[in-house]
Amino acid sequence: MTAVQNENCEVRGEYIFTSESVSEGHPDKVCDQISDAILDAYLKEDPFSRVACETLATKNRVVLSGEIASRAEVDHEKVAREVIRKIGYTVPHLNFDDSCEITDLLHQQTLELSENKGAGDQGLMFGYACSQCEALMPLPIEVSQSLLKKLTDLRKDGTLPMLYPDSKSQVSIRYDGREPKRIENVVISTNHKAMSDAEYVDMQELITEKVVKKVLARYCDKGLDCGNVKIQINPLGPWYNGGPAADTGLTGRKIIVDTYGGWAPHGGGAFSGKDPTKVDRSAAYMARHIAKSVVGSGLAKECMLQLSFVIGEIEPVSLMVDTQGSGIVPDSQIENIIRQEFDLTVNGIIEYLDLRNPIYFPTAAYGHFGMNAEEMSWEKIKKLKY
């Protein structure tokens, strides 16, 4: 049996780990997407825009707040309505749709001619990668995100027309040491239209066959045991009242969903609505890129990286590498390689990852890591030598 040693020096064999995800129609994710769409609109016109945009969504209302320093002019209300419409909130009787009232409290700050080159605040950021799947992500969050992406695709293409945008997933996987072995439990809860008991059973069966089994097949075909998965669709029964009308949403309230599903640490800072001068976002992206490069280069089977910054400082005040003993060279040597290969200054990170472009809206649903490997610079792998 494979076994690993945890920080308390106990040998760990088998255990079950669970991660969850939420769809783009979840109230908090509605807010994340509006905030990032507004950020993108500013960066499209002025790449050096400073944006800190917070969104609240509730019954028939969206509230925008925060600070903007930019030479661009953006119609915030128009951007917000386009996002709400794109997600699929277009039915007025649900008490939240693209005609809702929008209160715009975003205000302008003076645009400084001389830009601060250092960190705008203190903070710590984590990056992580592992060999559990092709995206080099922890498997529970990878499967959770994939389930909801598939569910949303089938809602939007008309295959599952009875669904509304708000949904959640949860995936439990059995591990032996650090290796995933079997999918134990899958839960999908989704908001839907009013229907008869027979139609409700049909909906459950459709989601099981066209979403859960189709997504799990990708992983089972690669050796993961999926032979006796417990599948639960809306375990509490019909779900008629969902979205922001039923549960107020806020930007930045799904940071674990955004990152590694709890398998790896999170520094605490949210991402959406923040321009790349905010190291909460840019340094977390860089940490993911470096960790993925370490694993993708074969230096380790998994890599967790921590960076920390002090306000006004150009470079991180600390860098820590932990490969859980999976490295082919000591962690200290991998740290030296990282310092030699990557510019970890604030501006160095922004320039290296090309973060001044309007690229953030796609990150605001289904995870900032793993799901957009072809498009996102921090998901690319830099080959490292030792």
# chains A, B, ... in the order shown; residues from 1 in each chain; ligands from 1
call {"tool": "select_by_dssp", "arguments": {"residues": "region 116-339 of chain A", "states": "strand (DSSP E or B)", "output": "VMD selection string"}}
result
chain A and resid 123 to 130 163 to 176 179 to 192 225 230 to 233 249 to 250 274 302 to 309 318 to 322
call {"tool": "write_last_selection", "arguments": {"atoms": "C-alpha atoms", "output": "compact mmCIF listing (two decimals), in the first residue's frame"}}
result
# COMPACT_ATOMS: atom_id res chain seq x y z
CA GLY A 123 -0.39 39.40 1.31
CA LEU A 124 0.44 35.78 0.70
CA MET A 125 -0.41 33.67 -2.34
CA PHE A 126 -0.29 29.96 -3.12
CA GLY A 127 0.16 28.06 -6.34
CA TYR A 128 -0.24 24.33 -6.82
CA ALA A 129 0.02 21.62 -9.43
CA CYS A 130 -0.01 17.83 -9.33
CA LEU A 163 -32.84 24.01 -16.16
CA TYR A 164 -32.20 27.49 -14.79
CA PRO A 165 -28.62 28.84 -14.45
CA ASP A 166 -27.99 28.24 -10.72
CA SER A 167 -26.38 24.89 -9.85
CA LYS A 168 -23.79 23.25 -7.60
CA SER A 169 -21.74 20.06 -7.64
CA GLN A 170 -19.77 18.04 -5.11
CA VAL A 171 -17.35 15.18 -5.78
CA SER A 172 -15.80 12.78 -3.25
CA ILE A 173 -12.75 10.72 -4.25
CA ARG A 174 -11.00 7.95 -2.35
CA TYR A 175 -7.22 8.27 -2.12
CA ASP A 176 -4.44 5.91 -1.19
CA GLU A 179 -2.99 8.91 -5.38
CA PRO A 180 -6.68 9.08 -6.39
CA LYS A 181 -8.17 5.61 -6.69
CA ARG A 182 -11.96 5.72 -6.87
CA ILE A 183 -14.80 8.18 -7.30
CA GLU A 184 -17.13 7.53 -4.38
CA ASN A 185 -19.89 10.13 -4.57
CA VAL A 186 -21.18 12.74 -7.04
CA VAL A 187 -23.84 15.34 -6.21
CA ILE A 188 -25.45 17.84 -8.59
CA SER A 189 -28.09 20.26 -7.36
CA THR A 190 -29.73 22.45 -9.97
CA ASN A 191 -32.45 25.07 -10.08
CA HIS A 192 -35.16 24.18 -12.59
CA ASP A 225 -12.37 3.24 -10.51
CA LYS A 230 -23.22 7.02 -5.69
CA ILE A 231 -24.93 9.64 -7.87
CA GLN A 232 -27.34 12.12 -6.30
CA ILE A 233 -29.29 14.65 -8.36
CA GLY A 249 -24.40 37.06 -4.23
CA LEU A 250 -21.13 38.89 -3.65
CA LYS A 274 -8.97 43.22 -9.55
CA GLU A 302 3.25 17.68 -7.12
CA CYS A 303 4.36 21.15 -6.11
CA MET A 304 2.95 23.72 -3.72
CA LEU A 305 4.42 27.22 -3.83
CA GLN A 306 3.94 30.14 -1.44
CA LEU A 307 4.84 33.76 -2.21
CA SER A 308 4.43 36.71 0.15
CA PHE A 309 4.66 40.44 -0.47
CA SER A 318 9.46 34.95 0.90
CA LEU A 319 9.31 31.99 -1.45
CA MET A 320 8.58 28.48 -0.21
CA VAL A 321 8.45 25.21 -2.19
CA ASP A 322 6.91 21.96 -0.95
call {"tool": "residues_around", "arguments": {"residues": "Ser293 (chain A)", "least_positions_apart": "4", "cutoff": "10 Å", "atoms": "only C-alpha atoms", "output": "mmCIF file with N, CA, C and O atoms, in the first residue's frame"}}
result
data_model
loop_
_atom_site.group_PDB
_atom_site.id
_atom_site.type_symbol
_atom_site.label_atom_id
_atom_site.label_comp_id
_atom_site.auth_asym_id
_atom_site.auth_seq_id
_atom_site.Cartn_x
_atom_site.Cartn_y
_atom_site.Cartn_z
ATOM 1 N N ALA A 129 0.227 22.500 -8.288
ATOM 2 C CA ALA A 129 0.016 21.619 -9.429
ATOM 3 C C ALA A 129 0.351 20.201 -8.996
ATOM 4 O O ALA A 129 1.160 19.989 -8.092
ATOM 5 N N LEU A 136 -3.164 18.947 -14.527
ATOM 6 C CA LEU A 136 -2.266 19.075 -13.368
ATOM 7 C C LEU A 136 -2.968 19.773 -12.205
ATOM 8 O O LEU A 136 -2.388 20.597 -11.509
ATOM 9 N N ALA A 287 2.254 31.929 -9.217
ATOM 10 C CA ALA A 287 2.558 30.758 -8.391
ATOM 11 C C ALA A 287 1.999 29.492 -9.025
ATOM 12 O O ALA A 287 2.647 28.430 -8.999
ATOM 13 N N ARG A 288 0.804 29.568 -9.600
ATOM 14 C CA ARG A 288 0.242 28.410 -10.318
ATOM 15 C C ARG A 288 1.117 28.062 -11.524
ATOM 16 O O ARG A 288 1.415 26.889 -11.762
ATOM 17 N N HIS A 289 1.519 29.061 -12.289
ATOM 18 C CA HIS A 289 2.356 28.814 -13.467
ATOM 19 C C HIS A 289 3.672 28.141 -13.089
ATOM 20 O O HIS A 289 4.098 27.172 -13.743
ATOM 21 N N SER A 297 7.591 19.763 -15.940
ATOM 22 C CA SER A 297 8.977 19.511 -16.346
ATOM 23 C C SER A 297 9.527 18.222 -15.737
ATOM 24 O O SER A 297 10.693 17.874 -15.969
ATOM 25 N N GLY A 298 8.712 17.539 -14.956
ATOM 26 C CA GLY A 298 9.140 16.285 -14.362
ATOM 27 C C GLY A 298 10.007 16.419 -13.127
ATOM 28 O O GLY A 298 10.616 15.432 -12.685
ATOM 29 N N LEU A 299 10.064 17.616 -12.540
ATOM 30 C CA LEU A 299 10.876 17.810 -11.341
ATOM 31 C C LEU A 299 10.206 17.242 -10.094
ATOM 32 O O LEU A 299 10.874 16.971 -9.096
ATOM 33 N N ALA A 300 8.870 17.095 -10.147
ATOM 34 C CA ALA A 300 8.135 16.547 -9.008
ATOM 35 C C ALA A 300 6.762 16.092 -9.485
ATOM 36 O O ALA A 300 6.261 16.552 -10.511
ATOM 37 N N CYS A 303 3.590 20.007 -6.597
ATOM 38 C CA CYS A 303 4.363 21.151 -6.110
ATOM 39 C C CYS A 303 3.416 22.204 -5.565
ATOM 40 O O CYS A 303 2.467 22.610 -6.234
ATOM 41 N N ILE A 338 13.747 28.077 -9.467
ATOM 42 C CA ILE A 338 12.666 29.055 -9.642
ATOM 43 C C ILE A 338 13.207 30.482 -9.594
ATOM 44 O O ILE A 338 12.868 31.327 -10.425
ATOM 45 N N TRP A 378 -0.808 31.684 -17.596
ATOM 46 C CA TRP A 378 -0.332 31.018 -16.384
ATOM 47 C C TRP A 378 -0.565 29.511 -16.411
ATOM 48 O O TRP A 378 -0.013 28.793 -15.589
ATOM 49 N N GLU A 379 -1.354 29.035 -17.380
ATOM 50 C CA GLU A 379 -1.572 27.587 -17.529
ATOM 51 C C GLU A 379 -0.561 26.936 -18.458
ATOM 52 O O GLU A 379 -0.531 25.712 -18.590
ATOM 53 N N LYS A 380 0.262 27.725 -19.106
ATOM 54 C CA LYS A 380 1.301 27.163 -19.965
ATOM 55 C C LYS A 380 2.460 26.665 -19.107
ATOM 56 O O LYS A 380 2.643 27.100 -17.965
ATOM 57 N N ILE A 381 3.257 25.767 -19.644
ATOM 58 C CA ILE A 381 4.372 25.157 -18.906
ATOM 59 C C ILE A 381 5.687 25.635 -19.485
ATOM 60 O O ILE A 381 5.914 25.550 -20.707
ATOM 61 N N LYS A 382 6.522 26.164 -18.623
ATOM 62 C CA LYS A 382 7.893 26.497 -19.003
ATOM 63 C C LYS A 382 8.780 25.328 -18.603
ATOM 64 O O LYS A 382 8.804 24.931 -17.438
ATOM 65 N N LYS A 383 9.485 24.769 -19.561
ATOM 66 C CA LYS A 383 10.331 23.612 -19.278
ATOM 67 C C LYS A 383 11.542 24.056 -18.462
ATOM 68 O O LYS A 383 12.282 24.949 -18.855
ATOM 69 N N LEU A 384 11.704 23.395 -17.336
ATOM 70 C CA LEU A 384 12.793 23.721 -16.404
ATOM 71 C C LEU A 384 13.812 22.590 -16.382
ATOM 72 O O LEU A 384 13.456 21.412 -16.446
#
call {"tool": "closest_residue", "arguments": {"among": "A:Lys254, A:Lys156, A:His76, A:Lys222", "to": "Asp40 (chain A)", "atoms": "only C-alpha atoms"}}
result
A:His76
call {"tool": "closest_residue", "arguments": {"among": "A:Ala365, A:Val310, A:Leu355, A:Ala119", "to": "Leu43 (chain A)", "atoms": "only C-alpha atoms"}}
result
A:Leu355
call {"tool": "select_by_dssp", "arguments": {"residues": "region 287-375 of chain A", "states": "helix (DSSP H, G or I)", "output": "CSV table (one decimal) with N, CA, C and O atoms, in the first residue's frame"}}
result
chain,number,residue,atom,x,y,z
A,287,ALA,N,2.3,31.9,-9.2
A,287,ALA,CA,2.6,30.8,-8.4
A,287,ALA,C,2.0,29.5,-9.0
A,287,ALA,O,2.6,28.4,-9.0
A,288,ARG,N,0.8,29.6,-9.6
A,288,ARG,CA,0.2,28.4,-10.3
A,288,ARG,C,1.1,28.1,-11.5
A,288,ARG,O,1.4,26.9,-11.8
A,289,HIS,N,1.5,29.1,-12.3
A,289,HIS,CA,2.4,28.8,-13.5
A,289,HIS,C,3.7,28.1,-13.1
A,289,HIS,O,4.1,27.2,-13.7
A,290,ILE,N,4.3,28.6,-12.0
A,290,ILE,CA,5.6,28.0,-11.6
A,290,ILE,C,5.4,26.6,-11.1
A,290,ILE,O,6.1,25.7,-11.5
A,291,ALA,N,4.4,26.4,-10.3
A,291,ALA,CA,4.1,25.0,-9.8
A,291,ALA,C,3.8,24.1,-10.9
A,291,ALA,O,4.3,22.9,-11.0
A,292,LYS,N,3.0,24.5,-11.9
A,292,LYS,CA,2.7,23.7,-13.0
A,292,LYS,C,3.9,23.4,-13.9
A,292,LYS,O,4.1,22.3,-14.4
A,293,SER,N,4.8,24.4,-14.0
A,293,SER,CA,6.1,24.2,-14.7
A,293,SER,C,7.0,23.2,-14.0
A,293,SER,O,7.6,22.4,-14.7
A,294,VAL,N,7.0,23.2,-12.7
A,294,VAL,CA,7.8,22.3,-11.9
A,294,VAL,C,7.3,20.8,-12.2
A,294,VAL,O,8.1,19.9,-12.5
A,295,VAL,N,6.0,20.6,-12.1
A,295,VAL,CA,5.4,19.3,-12.3
A,295,VAL,C,5.5,18.9,-13.8
A,295,VAL,O,5.8,17.8,-14.1
A,296,GLY,N,5.2,19.9,-14.7
A,296,GLY,CA,5.2,19.6,-16.1
A,296,GLY,C,6.6,19.3,-16.7
A,296,GLY,O,6.7,18.7,-17.7
A,331,ASP,N,13.8,20.1,-2.4
A,331,ASP,CA,12.9,21.3,-2.6
A,331,ASP,C,13.8,22.6,-2.6
A,331,ASP,O,13.4,23.5,-3.3
A,332,SER,N,14.8,22.6,-1.9
A,332,SER,CA,15.7,23.8,-1.8
A,332,SER,C,16.4,24.0,-3.2
A,332,SER,O,16.5,25.1,-3.6
A,333,GLN,N,16.7,22.9,-3.9
A,333,GLN,CA,17.2,23.1,-5.3
A,333,GLN,C,16.2,23.5,-6.3
A,333,GLN,O,16.5,24.4,-7.1
A,334,ILE,N,14.9,23.1,-6.1
A,334,ILE,CA,13.8,23.6,-7.0
A,334,ILE,C,13.6,25.0,-6.7
A,334,ILE,O,13.4,25.8,-7.6
A,335,GLU,N,13.7,25.5,-5.4
A,335,GLU,CA,13.6,26.9,-5.1
A,335,GLU,C,14.6,27.7,-5.8
A,335,GLU,O,14.3,28.8,-6.4
A,336,ASN,N,15.9,27.2,-5.9
A,336,ASN,CA,16.9,27.9,-6.5
A,336,ASN,C,16.7,28.0,-8.0
A,336,ASN,O,16.9,29.1,-8.7
A,337,ILE,N,16.2,26.9,-8.6
A,337,ILE,CA,15.8,27.0,-10.1
A,337,ILE,C,14.8,28.0,-10.3
A,337,ILE,O,14.8,28.8,-11.3
A,338,ILE,N,13.7,28.1,-9.5
A,338,ILE,CA,12.7,29.1,-9.6
A,338,ILE,C,13.2,30.5,-9.6
A,338,ILE,O,12.9,31.3,-10.4
A,339,ARG,N,14.1,30.7,-8.6
A,339,ARG,CA,14.6,32.1,-8.5
A,339,ARG,C,15.5,32.5,-9.7
A,339,ARG,O,15.5,33.6,-10.1
A,340,GLN,N,16.1,31.5,-10.3
A,340,GLN,CA,16.9,31.8,-11.5
A,340,GLN,C,16.1,31.9,-12.8
A,340,GLN,O,16.4,32.7,-13.7
A,341,GLU,N,15.0,31.2,-12.9
A,341,GLU,CA,14.2,31.2,-14.1
A,341,GLU,C,13.1,32.2,-14.2
A,341,GLU,O,12.6,32.4,-15.3
A,346,VAL,N,6.8,42.5,-9.0
A,346,VAL,CA,5.4,42.8,-9.4
A,346,VAL,C,5.2,43.1,-10.9
A,346,VAL,O,4.4,42.4,-11.6
A,347,ASN,N,6.0,44.0,-11.4
A,347,ASN,CA,5.9,44.3,-12.8
A,347,ASN,C,6.5,43.2,-13.7
A,347,ASN,O,6.0,42.9,-14.8
A,348,GLY,N,7.5,42.4,-13.2
A,348,GLY,CA,8.0,41.3,-13.9
A,348,GLY,C,6.9,40.2,-14.1
A,348,GLY,O,6.8,39.6,-15.2
A,349,ILE,N,6.1,40.0,-13.1
A,349,ILE,CA,5.0,39.0,-13.2
A,349,ILE,C,4.0,39.5,-14.2
A,349,ILE,O,3.6,38.7,-15.1
A,350,ILE,N,3.6,40.8,-14.2
A,350,ILE,CA,2.6,41.3,-15.1
A,350,ILE,C,3.1,41.2,-16.5
A,350,ILE,O,2.3,40.8,-17.4
A,351,GLU,N,4.3,41.6,-16.8
A,351,GLU,CA,4.9,41.5,-18.1
A,351,GLU,C,5.0,40.1,-18.6
A,351,GLU,O,4.7,39.8,-19.8
A,352,TYR,N,5.6,39.3,-17.8
A,352,TYR,CA,5.9,37.9,-18.2
A,352,TYR,C,4.6,37.1,-18.5
A,352,TYR,O,4.5,36.4,-19.5
A,353,LEU,N,3.5,37.3,-17.7
A,353,LEU,CA,2.3,36.6,-18.0
A,353,LEU,C,1.3,37.4,-18.9
A,353,LEU,O,0.2,37.0,-19.3
A,361,PHE,N,-12.7,37.8,-17.9
A,361,PHE,CA,-14.1,37.3,-17.8
A,361,PHE,C,-14.2,35.8,-17.8
A,361,PHE,O,-14.9,35.2,-17.0
A,362,PRO,N,-13.4,35.1,-18.7
A,362,PRO,CA,-13.6,33.6,-18.8
A,362,PRO,C,-13.1,32.9,-17.5
A,362,PRO,O,-13.4,31.7,-17.3
A,363,THR,N,-12.3,33.6,-16.7
A,363,THR,CA,-11.8,33.0,-15.5
A,363,THR,C,-12.8,33.0,-14.4
A,363,THR,O,-12.7,32.2,-13.4
A,364,ALA,N,-13.8,33.8,-14.5
A,364,ALA,CA,-14.7,34.1,-13.4
A,364,ALA,C,-15.8,33.0,-13.1
A,364,ALA,O,-16.6,33.1,-12.2
call {"tool": "atom_distance", "arguments": {"atom1": "CA of Gly120 (chain A)", "atom2": "CA of Val279 (chain A)"}}
result
7.4 Å
call {"tool": "closest_atom_pairs", "arguments": {"of": "region 44-78 of chain A", "to": "region 11-33 of chain A", "cutoff": "9 Å", "atoms": "only C-alpha atoms", "output": "CSV"}}
result
residue,atom,partner,partner_atom,distance
A:Glu54,CA,A:Cys31,CA,7.7
A:Thr55,CA,A:Cys31,CA,5.1
A:Leu56,CA,A:Cys31,CA,6.1
A:Ala57,CA,A:Cys31,CA,6.4
A:Thr58,CA,A:Pro27,CA,7.9
A:Val62,CA,A:Cys31,CA,8.6
call {"tool": "residues_around", "arguments": {"residues": "region 83-95 of chain A", "least_positions_apart": "6", "cutoff": "6 Å", "atoms": "only C-alpha atoms", "output": "number ranges by chain"}}
result
A: 59-60, 245
